[in-house]
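*Asks:* The file below is data.txt, compact mmCIF, C-alpha atoms:
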```
# COMPACT_ATOMS: atom_id res chain seq x y z
CA MET A 207 114.33 14.26 -19.36
CA PRO A 208 112.43 15.04 -16.12
CA ARG A 209 114.57 16.49 -13.34
CA GLN A 210 115.04 14.30 -10.30
CA SER A 211 115.81 15.31 -6.75
CA PRO A 212 118.98 13.96 -5.08
CA PRO A 213 118.64 10.60 -3.29
CA ASP A 214 117.51 10.71 0.31
CA ALA A 215 119.66 9.27 3.10
CA ARG A 216 118.43 5.73 2.37
CA GLY A 217 119.41 6.07 -1.30
CA ARG A 218 115.81 6.41 -2.53
CA VAL A 219 115.47 8.91 -5.38
CA LEU A 220 112.57 11.26 -4.84
CA PRO A 221 110.56 12.54 -7.84
CA ALA A 222 111.20 16.11 -8.92
CA GLY A 223 109.26 18.56 -6.81
CA ARG A 224 108.41 16.00 -4.16
CA ASP A 225 111.30 16.31 -1.71
CA PRO A 226 109.29 17.49 1.32
CA ARG A 227 112.42 18.87 2.98
CA GLN A 228 112.77 21.67 0.43
CA PRO A 229 111.53 25.20 1.29
CA VAL A 230 107.76 25.42 1.77
CA GLU A 231 107.34 27.99 -1.00
CA GLN A 232 109.00 25.65 -3.51
CA LEU A 233 106.97 22.66 -2.31
CA LEU A 234 103.73 24.62 -2.67
CA ARG A 235 104.69 25.59 -6.23
CA ASP A 236 105.66 22.05 -7.18
CA LEU A 237 102.41 20.65 -5.80
CA LYS A 238 100.46 23.50 -7.42
CA THR A 239 98.59 24.42 -4.27
CA SER A 240 98.43 27.22 -1.70
CA LEU A 241 98.07 27.75 2.04
CA ASP A 242 94.30 27.95 1.46
CA GLY A 243 94.23 24.39 0.17
CA LEU A 244 92.64 22.96 -2.96
CA SER A 245 89.25 23.52 -4.49
CA THR A 246 86.88 20.56 -4.55
CA ALA A 247 87.12 20.39 -8.34
CA GLU A 248 90.93 20.29 -8.28
CA ALA A 249 90.92 17.68 -5.50
CA ASP A 250 88.58 15.48 -7.55
CA GLN A 251 90.92 15.71 -10.55
CA ARG A 252 93.90 14.73 -8.41
CA LEU A 253 91.99 11.85 -6.87
CA ALA A 254 91.38 10.49 -10.37
CA GLU A 255 95.09 10.94 -11.17
CA TYR A 256 96.65 9.56 -7.98
CA GLY A 257 93.95 7.16 -6.87
CA PRO A 258 92.43 6.81 -3.40
CA ASN A 259 94.51 7.29 -0.28
CA GLU A 260 94.57 3.67 0.80
CA LEU A 261 96.96 0.76 1.20
CA ARG A 262 96.45 -2.16 -1.11
CA ARG A 263 98.23 -5.28 -2.22
CA GLN A 264 100.05 -4.91 -5.51
CA GLY A 265 100.36 -8.58 -6.31
CA GLY A 266 96.69 -9.24 -7.06
CA THR A 267 96.15 -12.30 -9.22
CA ARG A 268 99.66 -12.11 -10.69
CA TRP A 269 101.15 -14.44 -8.09
CA TRP A 270 102.37 -16.83 -10.75
CA ARG A 271 104.36 -14.03 -12.38
CA ASP A 272 105.91 -13.08 -9.04
CA LEU A 273 106.86 -16.70 -8.41
CA GLY A 274 108.29 -17.10 -11.91
CA ARG A 275 110.40 -13.96 -11.48
CA GLN A 276 112.23 -15.28 -8.41
CA PRO A 277 114.54 -17.81 -10.18
CA ILE A 278 115.73 -15.20 -12.72
CA HIS A 279 116.83 -12.29 -10.58
CA PRO A 280 120.56 -11.33 -11.00
CA LEU A 281 121.92 -13.43 -8.10
CA ALA A 282 119.90 -16.44 -9.23
CA LEU A 283 121.29 -16.09 -12.76
CA VAL A 284 124.82 -16.23 -11.35
CA LEU A 285 123.90 -19.44 -9.51
CA TRP A 286 122.38 -20.89 -12.68
CA LEU A 287 125.68 -20.20 -14.44
CA ALA A 288 127.55 -21.91 -11.61
CA ALA A 289 125.23 -24.93 -11.90
CA VAL A 290 125.86 -25.15 -15.66
CA LEU A 291 129.62 -24.94 -15.19
CA ALA A 292 129.47 -27.62 -12.48
CA TRP A 293 127.47 -29.89 -14.80
CA ILE A 294 129.93 -29.33 -17.66
CA ALA A 295 132.80 -30.16 -15.29
CA GLY A 296 131.09 -33.43 -14.47
CA THR A 297 130.16 -32.61 -10.87
CA THR A 298 126.48 -33.34 -11.30
CA VAL A 299 125.86 -33.60 -7.56
CA LEU A 300 127.12 -30.05 -7.03
CA ALA A 301 125.07 -28.83 -10.01
CA ALA A 302 121.93 -30.42 -8.57
CA ALA A 303 122.65 -28.91 -5.16
CA ILE A 304 122.97 -25.41 -6.66
CA VAL A 305 119.70 -25.82 -8.56
CA ALA A 306 118.00 -26.94 -5.35
CA VAL A 307 119.30 -23.86 -3.55
CA ILE A 308 117.95 -21.63 -6.33
CA LEU A 309 114.48 -23.18 -6.17
CA ILE A 310 114.29 -23.19 -2.36
CA ASN A 311 115.39 -19.55 -2.24
CA ALA A 312 112.77 -18.66 -4.87
CA VAL A 313 109.99 -20.22 -2.79
CA PHE A 314 111.09 -18.46 0.40
CA ALA A 315 111.46 -15.08 -1.37
CA PHE A 316 108.02 -15.44 -2.94
CA ALA A 317 106.45 -16.34 0.44
CA GLN A 318 108.11 -13.32 2.06
CA GLU A 319 106.79 -10.97 -0.63
CA ARG A 320 103.24 -12.32 -0.26
CA HIS A 321 103.43 -11.95 3.52
CA ALA A 322 104.56 -8.34 3.15
CA GLU A 323 101.65 -7.60 0.79
CA HIS A 324 99.12 -9.03 3.25
CA ALA A 325 100.73 -7.05 6.08
CA VAL A 326 100.40 -3.78 4.14
CA GLU A 327 96.77 -4.53 3.37
CA ALA A 328 96.07 -5.32 7.05
CA LEU A 329 97.38 -1.88 8.06
CA ASN A 330 94.29 -0.30 6.50
CA LYS A 331 92.15 -1.07 9.54
CA TYR A 332 94.47 1.01 11.72
CA LEU A 333 94.25 4.09 9.50
CA PRO A 334 91.71 6.88 10.14
CA GLN A 335 88.40 7.02 8.32
CA GLN A 336 88.08 10.80 8.37
CA ALA A 337 90.49 13.69 7.84
CA SER A 338 90.18 17.43 8.44
CA VAL A 339 91.37 19.55 5.49
CA LEU A 340 91.08 22.99 3.96
CA ARG A 341 88.96 22.75 0.82
CA ASP A 342 87.35 25.69 -0.98
CA GLN A 343 89.09 27.94 1.59
CA ARG A 344 87.24 26.43 4.54
CA ARG A 345 87.82 23.58 6.95
CA GLN A 346 86.01 20.36 6.06
CA GLN A 347 85.79 16.77 7.24
CA ILE A 348 86.32 14.36 4.36
CA ASP A 349 86.78 10.63 3.87
CA ALA A 350 90.51 10.01 4.44
CA ARG A 351 90.56 7.98 1.21
CA GLN A 352 89.93 11.24 -0.67
CA LEU A 353 93.12 12.96 0.50
CA VAL A 354 95.43 13.95 -2.36
CA PRO A 355 98.87 15.55 -2.68
CA GLY A 356 98.44 19.31 -2.29
CA ASP A 357 95.74 19.11 0.39
CA ILE A 358 96.23 21.15 3.56
CA LEU A 359 95.72 18.76 6.47
CA VAL A 360 94.58 20.09 9.86
CA ILE A 361 96.07 18.03 12.70
CA ALA A 362 94.80 18.15 16.30
CA GLU A 363 95.47 16.20 19.48
CA GLY A 364 94.16 12.64 19.25
CA ASP A 365 94.12 12.56 15.44
CA ARG A 366 95.48 9.63 13.49
CA ILE A 367 97.47 11.17 10.66
CA SER A 368 96.28 9.85 7.33
CA ALA A 369 99.01 10.89 4.85
CA ASP A 370 102.63 12.01 4.70
CA ALA A 371 102.72 15.77 5.17
CA ARG A 372 105.06 18.74 5.70
CA LEU A 373 104.19 20.89 8.72
CA LEU A 374 103.40 24.47 7.73
CA ASP A 375 102.75 25.90 11.18
CA GLY A 376 102.31 24.71 14.75
CA SER A 377 103.91 21.71 16.43
CA VAL A 378 102.84 18.25 17.57
CA GLU A 379 104.03 15.31 19.61
CA ALA A 380 103.61 12.20 17.49
CA ASP A 381 103.50 8.51 18.32
CA MET A 382 105.59 7.02 15.51
CA SER A 383 105.76 3.48 16.86
CA ALA A 384 104.00 2.15 13.74
CA LEU A 385 107.02 3.27 11.72
CA THR A 386 109.97 3.09 14.09
CA GLY A 387 108.85 0.70 16.83
CA GLU A 388 109.82 3.29 19.46
CA SER A 389 107.26 4.03 22.17
CA GLN A 390 108.52 7.51 23.07
CA PRO A 391 106.63 10.40 21.40
CA VAL A 392 108.55 12.47 18.85
CA TYR A 393 108.36 16.27 18.67
CA ARG A 394 107.58 17.67 15.24
CA THR A 395 107.45 21.37 14.37
CA ALA A 396 107.22 23.63 11.32
CA GLY A 397 110.45 25.04 9.93
CA ASP A 398 113.40 24.04 7.79
CA THR A 399 115.43 20.89 8.35
CA ASP A 400 118.58 19.25 7.07
CA THR A 401 117.89 17.83 3.61
CA ARG A 402 120.67 15.26 4.07
CA GLU A 403 118.97 13.41 6.90
CA PRO A 404 116.51 10.53 6.33
CA LEU A 405 112.90 11.57 5.82
CA ILE A 406 111.81 9.62 8.88
CA GLN A 407 114.08 11.81 11.04
CA ALA A 408 113.06 15.15 9.52
CA SER A 409 111.60 17.23 12.36
CA ASN A 410 109.08 19.01 10.11
CA LEU A 411 107.38 15.94 8.65
CA ALA A 412 104.39 13.91 9.84
CA PHE A 413 103.63 10.46 8.49
CA ASN A 414 100.72 8.26 7.56
CA GLY A 415 99.75 5.84 10.33
CA THR A 416 101.15 7.94 13.20
CA VAL A 417 99.12 9.55 15.98
CA CYS A 418 99.13 13.13 17.26
CA LEU A 419 99.44 12.90 21.07
CA GLY A 420 99.49 16.64 21.68
CA GLY A 421 99.57 20.01 19.96
CA ASP A 422 98.05 21.09 16.68
CA ALA A 423 99.35 22.02 13.26
CA ARG A 424 98.56 22.53 9.62
CA ALA A 425 100.47 20.38 7.16
CA LEU A 426 100.85 20.08 3.38
CA VAL A 427 100.13 16.57 2.08
CA TYR A 428 102.87 15.44 -0.31
CA ALA A 429 102.33 11.65 -0.46
CA THR A 430 99.29 9.39 -0.09
CA GLY A 431 98.44 5.70 -0.17
CA MET A 432 101.12 3.36 -1.47
CA HIS A 433 103.65 6.22 -1.81
CA THR A 434 103.86 6.93 1.93
CA GLU A 435 106.70 6.05 4.29
CA LEU A 436 104.44 3.51 6.03
CA VAL A 437 104.67 1.33 2.92
CA VAL A 438 108.36 2.04 2.27
CA LEU A 439 109.41 1.08 5.80
CA CYS A 440 107.16 -1.96 6.03
```
Using the file provided, produce a representation of the structure as structure tokens.

*Replies:*
Amino acid sequence: MPRQSPPDARGRVLPAGRDPRQPVEQLLRDLKTSLDGLSTAEADQRLAEYGPNELRRQGGTRWWRDLGRQPIHPLALVLWLAAVLAWIAGTTVLAAAIVAVILINAVFAFAQERHAEHAVEALNKYLPQQASVLRDQRRQQIDARQLVPGDILVIAEGDRISADARLLDGSVEADMSALTGESQPVYRTAGDTDTREPLIQASNLAFNGTVCLGGDARALVYATGMHTELVVLC
């Protein structure tokens, strides 16, 4: 059975080798990369494996499945049982009321899920089109959609950060309002941090959708696209 990392502070279990708060040397080994970055050939293979670094709706044309799933989640099943018991007991009005609650809740839950999917998709227009990385042991500008876990991202003042990454050296002031809603810049610097704190509070991590307001750094990409904190928190 694959090893899993302990849950983070929000209870989310991180895949083995992907806890970005672990020592840099271990993270580099787990991501099978180095401080010189990836080769173009290796990056292409990872792009095929992980997919493009973009946000996309997951519902697609399966909306009818999503809607049909709402009335059968665990809480709804308990309510269905209550409705059956009420009907058996002869209180048909109560049974009908419970069924109505189930169906109304299903519609609202489905609408909320669809709204969240559209919101995630709309975030794409705020994400950067280009990213600066180390590829083939030299700095290159690439399409941000081509970023993959294991890339070494070069961050400079004014850059929109295009993936979740662990700072390797340097320090930055980041605008994280897209994630936290707070307008004050947050200081981020390379070094170890407490692995018990939430990822969003880790002082050595930078996140997709945030902006570097000052400073410069190199950072190891550990999550892209739909696996980034931007999606988790939204």

*Asks:* Which residues are near segment 402-413 of chain A? Cut-off 6 Å, all atoms listed in the file, ignore same chain within fewer than 5 positions. Put them as a list in words.

*Replies:*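 Returned residues: Ala215, Ala369, Asp370, Ala371, Arg372, Leu373, Arg394, Thr395 and Ala396 of chain A.
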
*Asks:* Counting all atoms listed in the file, which residues sit no farther than 12 Å from the position (98.1, 23.6, -10.2) in the file's frame? I'd like them as a PyMOL selection string.

*Replies:* chain A and resi 233-240+243-245+247-249+251-252+355-357

*Asks:* Which of these, A:Gln343, A:Thr386, A:Ser338, A:Gln228, has the shortest distance to Thr401 of chain A once you count all atoms listed in the file?

*Replies:* A:Gln228

*Asks:* With distances taken over only C-alpha atoms, which residue among A:Ala362, A:His433, A:Leu285, A:Ala292 lies nearest Gly257 of chain A?

*Replies:*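 Using only C-alpha atoms, Gly257 of chain A sits closest to A:His433.
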
*Asks:* Segment 339-347 of chain A, all listed atoms, 3 Å padding on each side: what axis-aligned box centre and edge lengths in Å to one decimal come out, as JSON?

*Replies:*
```
{"center_x": 88.6, "center_y": 22.4, "center_z": 3.1, "size_x": 11.6, "size_y": 17.2, "size_z": 14.2}
```

*Asks:* Could you state the separation of atom CA of Ile367 of chain A and atom CA of Asp400 of chain A in Å, given to one decimal place?

*Replies:*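 Value for the atom CA of Ile367 of chain A-atom CA of Asp400 of chain A distance: 22.9 Å.
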
*Asks:* Can you measure atom CA of Leu283 of chain A to atom CA of Ala303 of chain A for me? One decimal in Å is fine.

*Replies:*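 So the two atoms, atom CA of Leu283 of chain A and atom CA of Ala303 of chain A, lie 15.0 Å apart.
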
*Asks:* Between A:Gln347, A:Gln336, A:Ser368, A:Gln352, which residue has the minimum interatomic distance to Leu253 of chain A, considering only C-alpha atoms?

*Replies:* A:Gln352

*Asks:* Gln390 of chain A: which residues within 9 Å, counting only C-alpha atoms, same-chain residues fewer than 4 positions away excluded, as number ranges by chain?

*Replies:* A: 380-383

*Asks:* Go ahead and save the picked residues with C-alpha atoms, as an mmCIF file, in the frame of the given file.

*Replies:*
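Contents of part.cif, freshly written:
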```cif
data_model
loop_
_atom_site.group_PDB
_atom_site.id
_atom_site.type_symbol
_atom_site.label_atom_id
_atom_site.label_comp_id
_atom_site.auth_asym_id
_atom_site.auth_seq_id
_atom_site.Cartn_x
_atom_site.Cartn_y
_atom_site.Cartn_z
ATOM 1 C CA ALA A 380 103.610 12.200 17.490
ATOM 2 C CA ASP A 381 103.500 8.510 18.320
ATOM 3 C CA MET A 382 105.590 7.020 15.510
ATOM 4 C CA SER A 383 105.760 3.480 16.860
#
```

*Asks:* Can you tell me which residues surround Pro277 of chain A at a distance of at most 10 Å, considering only C-alpha atoms, apart from same-chain residues fewer than 3 positions away, and format the answer as a list of chain:residue names?

*Replies:*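 The residues that qualify are A:Asp272, A:Leu273, A:Gly274, A:Pro280, A:Leu281, A:Ala282, A:Leu283, A:Leu285, A:Trp286, A:Val305, A:Ile308, A:Leu309, A:Ile310, A:Asn311, A:Ala312, A:Val313, A:Ala315.
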
*Asks:* Residues of the last selection are to be written out with C-alpha atoms, as a JSON list (two decimals), in the frame of the given file.

*Replies:*
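Contents of again_10.json, freshly written:
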```
[["chain", "number", "residue", "atom", "x", "y", "z"],
["A", 272, "ASP", "CA", 105.91, -13.08, -9.04],
["A", 273, "LEU", "CA", 106.86, -16.70, -8.41],
["A", 274, "GLY", "CA", 108.29, -17.10, -11.91],
["A", 280, "PRO", "CA", 120.56, -11.33, -11.00],
["A", 281, "LEU", "CA", 121.92, -13.43, -8.10],
["A", 282, "ALA", "CA", 119.90, -16.44, -9.23],
["A", 283, "LEU", "CA", 121.29, -16.09, -12.76],
["A", 285, "LEU", "CA", 123.90, -19.44, -9.51],
["A", 286, "TRP", "CA", 122.38, -20.89, -12.68],
["A", 305, "VAL", "CA", 119.70, -25.82, -8.56],
["A", 308, "ILE", "CA", 117.95, -21.63, -6.33],
["A", 309, "LEU", "CA", 114.48, -23.18, -6.17],
["A", 310, "ILE", "CA", 114.29, -23.19, -2.36],
["A", 311, "ASN", "CA", 115.39, -19.55, -2.24],
["A", 312, "ALA", "CA", 112.77, -18.66, -4.87],
["A", 313, "VAL", "CA", 109.99, -20.22, -2.79],
["A", 315, "ALA", "CA", 111.46, -15.08, -1.37]]
```
